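Okay, protein.pdb now, which holds PDB, C-alpha atoms:
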```pdb
ATOM      1  CA  MET L   9       0.812 -11.617   5.225  1.00  0.00           C
ATOM      2  CA  VAL L  10       0.880 -10.227   1.710  1.00  0.00           C
ATOM      3  CA  PRO L  11       4.467 -10.074   0.416  1.00  0.00           C
ATOM      4  CA  LEU L  12       6.086  -6.645   0.266  1.00  0.00           C
ATOM      5  CA  THR L  13       8.183  -5.853  -2.791  1.00  0.00           C
ATOM      6  CA  ASP L  14      10.576  -3.049  -1.898  1.00  0.00           C
ATOM      7  CA  ARG L  15      11.444  -1.052  -5.024  1.00  0.00           C
ATOM      8  CA  ALA L  16      12.813   1.873  -2.982  1.00  0.00           C
ATOM      9  CA  SER L  17      15.620  -0.008  -1.207  1.00  0.00           C
ATOM     10  CA  LEU L  18      14.349   0.995   2.224  1.00  0.00           C
ATOM     11  CA  PRO L  19      16.643   0.635   5.221  1.00  0.00           C
ATOM     12  CA  HIS L  20      15.998  -2.639   7.061  1.00  0.00           C
ATOM     13  CA  GLU L  21      14.329  -0.905  10.015  1.00  0.00           C
ATOM     14  CA  ALA L  22      11.927   1.072   7.785  1.00  0.00           C
ATOM     15  CA  ARG L  23      11.051  -2.018   5.744  1.00  0.00           C
ATOM     16  CA  SER L  24      10.394  -4.085   8.879  1.00  0.00           C
ATOM     17  CA  ALA L  25       8.198  -1.346  10.341  1.00  0.00           C
ATOM     18  CA  LEU L  26       6.233  -1.072   7.094  1.00  0.00           C
ATOM     19  CA  GLU L  27       5.789  -4.849   6.870  1.00  0.00           C
ATOM     20  CA  GLN L  28       4.482  -4.895  10.426  1.00  0.00           C
ATOM     21  CA  GLU L  29       2.130  -1.976   9.775  1.00  0.00           C
ATOM     22  CA  LEU L  30       0.681  -3.566   6.616  1.00  0.00           C
ATOM     23  CA  ALA L  31       0.557  -7.153   7.906  1.00  0.00           C
ATOM     24  CA  SER L  32      -3.144  -7.125   8.768  1.00  0.00           C
ATOM     25  CA  LEU L  33      -4.299  -5.563   5.485  1.00  0.00           C
ATOM     26  CA  THR L  34      -5.815  -8.320   3.362  1.00  0.00           C
ATOM     27  CA  LEU L  35      -8.729  -6.603   1.624  1.00  0.00           C
ATOM     28  CA  LEU L  36      -8.942  -3.349  -0.309  1.00  0.00           C
ATOM     29  CA  GLN L  37     -11.413  -2.194   2.342  1.00  0.00           C
ATOM     30  CA  ASP L  38      -8.686  -2.731   4.975  1.00  0.00           C
ATOM     31  CA  VAL L  39      -6.256  -0.632   2.937  1.00  0.00           C
ATOM     32  CA  VAL L  40      -8.698   2.267   2.579  1.00  0.00           C
ATOM     33  CA  ARG L  41      -9.603   2.184   6.280  1.00  0.00           C
ATOM     34  CA  TRP L  42      -5.921   2.068   7.217  1.00  0.00           C
ATOM     35  CA  GLY L  43      -5.277   5.074   4.978  1.00  0.00           C
ATOM     36  CA  PHE L  44      -8.030   7.193   6.507  1.00  0.00           C
ATOM     37  CA  ALA L  45      -7.018   6.171  10.048  1.00  0.00           C
ATOM     38  CA  SER L  46      -3.424   7.315   9.418  1.00  0.00           C
ATOM     39  CA  SER L  47      -2.180  10.700  10.538  1.00  0.00           C
ATOM     40  CA  PRO L  48      -2.333  12.579   8.285  1.00  0.00           C
ATOM     41  CA  PRO L  49      -5.063  10.612   6.504  1.00  0.00           C
ATOM     42  CA  ARG L  50      -4.072   8.918   3.251  1.00  0.00           C
ATOM     43  CA  ASP L  51      -6.528   8.642   0.389  1.00  0.00           C
ATOM     44  CA  VAL L  52      -6.275   6.550  -2.751  1.00  0.00           C
ATOM     45  CA  THR L  53      -4.303   8.651  -5.245  1.00  0.00           C
ATOM     46  CA  GLU L  54      -4.936   6.545  -8.309  1.00  0.00           C
ATOM     47  CA  VAL L  55      -6.379   3.237  -9.456  1.00  0.00           C
ATOM     48  CA  ILE L  56      -4.617   1.713 -12.446  1.00  0.00           C
ATOM     49  CA  VAL L  57      -6.648  -0.901 -14.281  1.00  0.00           C
ATOM     50  CA  GLN L  58      -4.467  -3.805 -15.432  1.00  0.00           C
ATOM     51  CA  ASP L  59      -7.280  -5.961 -16.791  1.00  0.00           C
ATOM     52  CA  GLU L  60     -10.883  -6.694 -15.919  1.00  0.00           C
ATOM     53  CA  PHE L  61      -9.868  -8.416 -12.664  1.00  0.00           C
ATOM     54  CA  THR L  62      -6.644  -6.729 -11.557  1.00  0.00           C
ATOM     55  CA  HIS L  63      -6.162  -3.156 -10.365  1.00  0.00           C
ATOM     56  CA  ASP L  64      -3.212  -1.363  -8.783  1.00  0.00           C
ATOM     57  CA  VAL L  65      -4.259   0.965  -5.975  1.00  0.00           C
ATOM     58  CA  VAL L  66      -1.788   3.790  -5.305  1.00  0.00           C
ATOM     59  CA  MET L  67      -1.623   5.607  -1.954  1.00  0.00           C
ATOM     60  CA  PRO L  68       0.857   8.155  -0.590  1.00  0.00           C
ATOM     61  CA  TRP L  69       3.165   6.863   2.132  1.00  0.00           C
ATOM     62  CA  MET L  70       6.023   9.112   3.250  1.00  0.00           C
ATOM     63  CA  GLY L  71       7.123  12.279   1.503  1.00  0.00           C
ATOM     64  CA  ASP L  72       7.355  11.558  -2.195  1.00  0.00           C
ATOM     65  CA  ARG L  73       7.054   7.771  -1.729  1.00  0.00           C
ATOM     66  CA  TYR L  74       3.941   5.800  -2.568  1.00  0.00           C
ATOM     67  CA  LEU L  75       2.569   2.358  -1.808  1.00  0.00           C
ATOM     68  CA  VAL L  76       1.010   0.335  -4.615  1.00  0.00           C
ATOM     69  CA  PHE L  77      -1.396  -2.428  -3.682  1.00  0.00           C
ATOM     70  CA  ASP L  78      -2.048  -5.102  -6.311  1.00  0.00           C
ATOM     71  CA  THR L  79      -5.701  -6.113  -6.045  1.00  0.00           C
ATOM     72  CA  THR L  80      -7.617  -8.859  -7.782  1.00  0.00           C
TER
END
```

Serialized structure, structure tokens:
Amino acid sequence: MVPLTDRASLPHEARSALEQELASLTLLQDVVRWGFASSPPRDVTEVIVQDEFTHDVVMPWMGDRYLVFDTT
């Protein structure tokens, strides 16, 4: 499982549920498919280029909260 860094100080139950939901996502393709399979569907909001190999992929999660996936 990819480690989850919680910058929003989620309640334990919400963090555990999110960790469980994201546990199988290992590739960017998995993340995008997961987003479109969600209800309502989630699309990539932004891609932030860190360098030629690393990108941060931003997707909406709940309300005004977002998930950021570090990809290399």

Answer as a CSV table (one decimal) with C-alpha atoms, in the coordinates of the input, residues within 6 Å of (-2.2, 4.8, 3.6) using all atoms listed in the file:
```
chain,number,residue,atom,x,y,z
L,42,TRP,CA,-5.9,2.1,7.2
L,43,GLY,CA,-5.3,5.1,5.0
L,50,ARG,CA,-4.1,8.9,3.3
L,67,MET,CA,-1.6,5.6,-2.0
L,69,TRP,CA,3.2,6.9,2.1
```

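Closest approach to L:Val66 from the set L:Glu21, L:Asp51, L:Asp14, L:Glu27 is made by L:Asp51, with distances taken over only C-alpha atoms.
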
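Restricting the calculation to only C-alpha atoms, the smallest distance between L:Tyr74 and any of L:Val57, L:Ala22, L:Ala45, L:Val52 is found for L:Val52.
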
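Distances here use only C-alpha atoms; by that measure, the residue among L:Gln58, L:Pro11, L:Asp72, L:Arg41 closest to L:Arg23 is L:Pro11.
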
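Counting from atom CA of L:Pro49, the distance to atom CA of L:Ser17 is 24.5 Å.
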
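One finds atom CA of L:Leu36 at 8.3 Å from atom CA of L:Phe77.
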
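Between L:Arg15 and the candidates L:Pro48, L:Leu33, L:Arg73, L:Asp78, the tightest atom-to-atom separation, counting only C-alpha atoms, involves L:Arg73.
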
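Comparing the minimum interatomic distances between L:Val10 and each of L:Asp59, L:Thr79, L:Gln37, L:Val65, counting all atoms listed in the file, we find that L:Thr79 sits nearest.
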
What is the atom CA of L:Glu54 to atom CA of L:Ser24 distance in Å?
25.4 Å
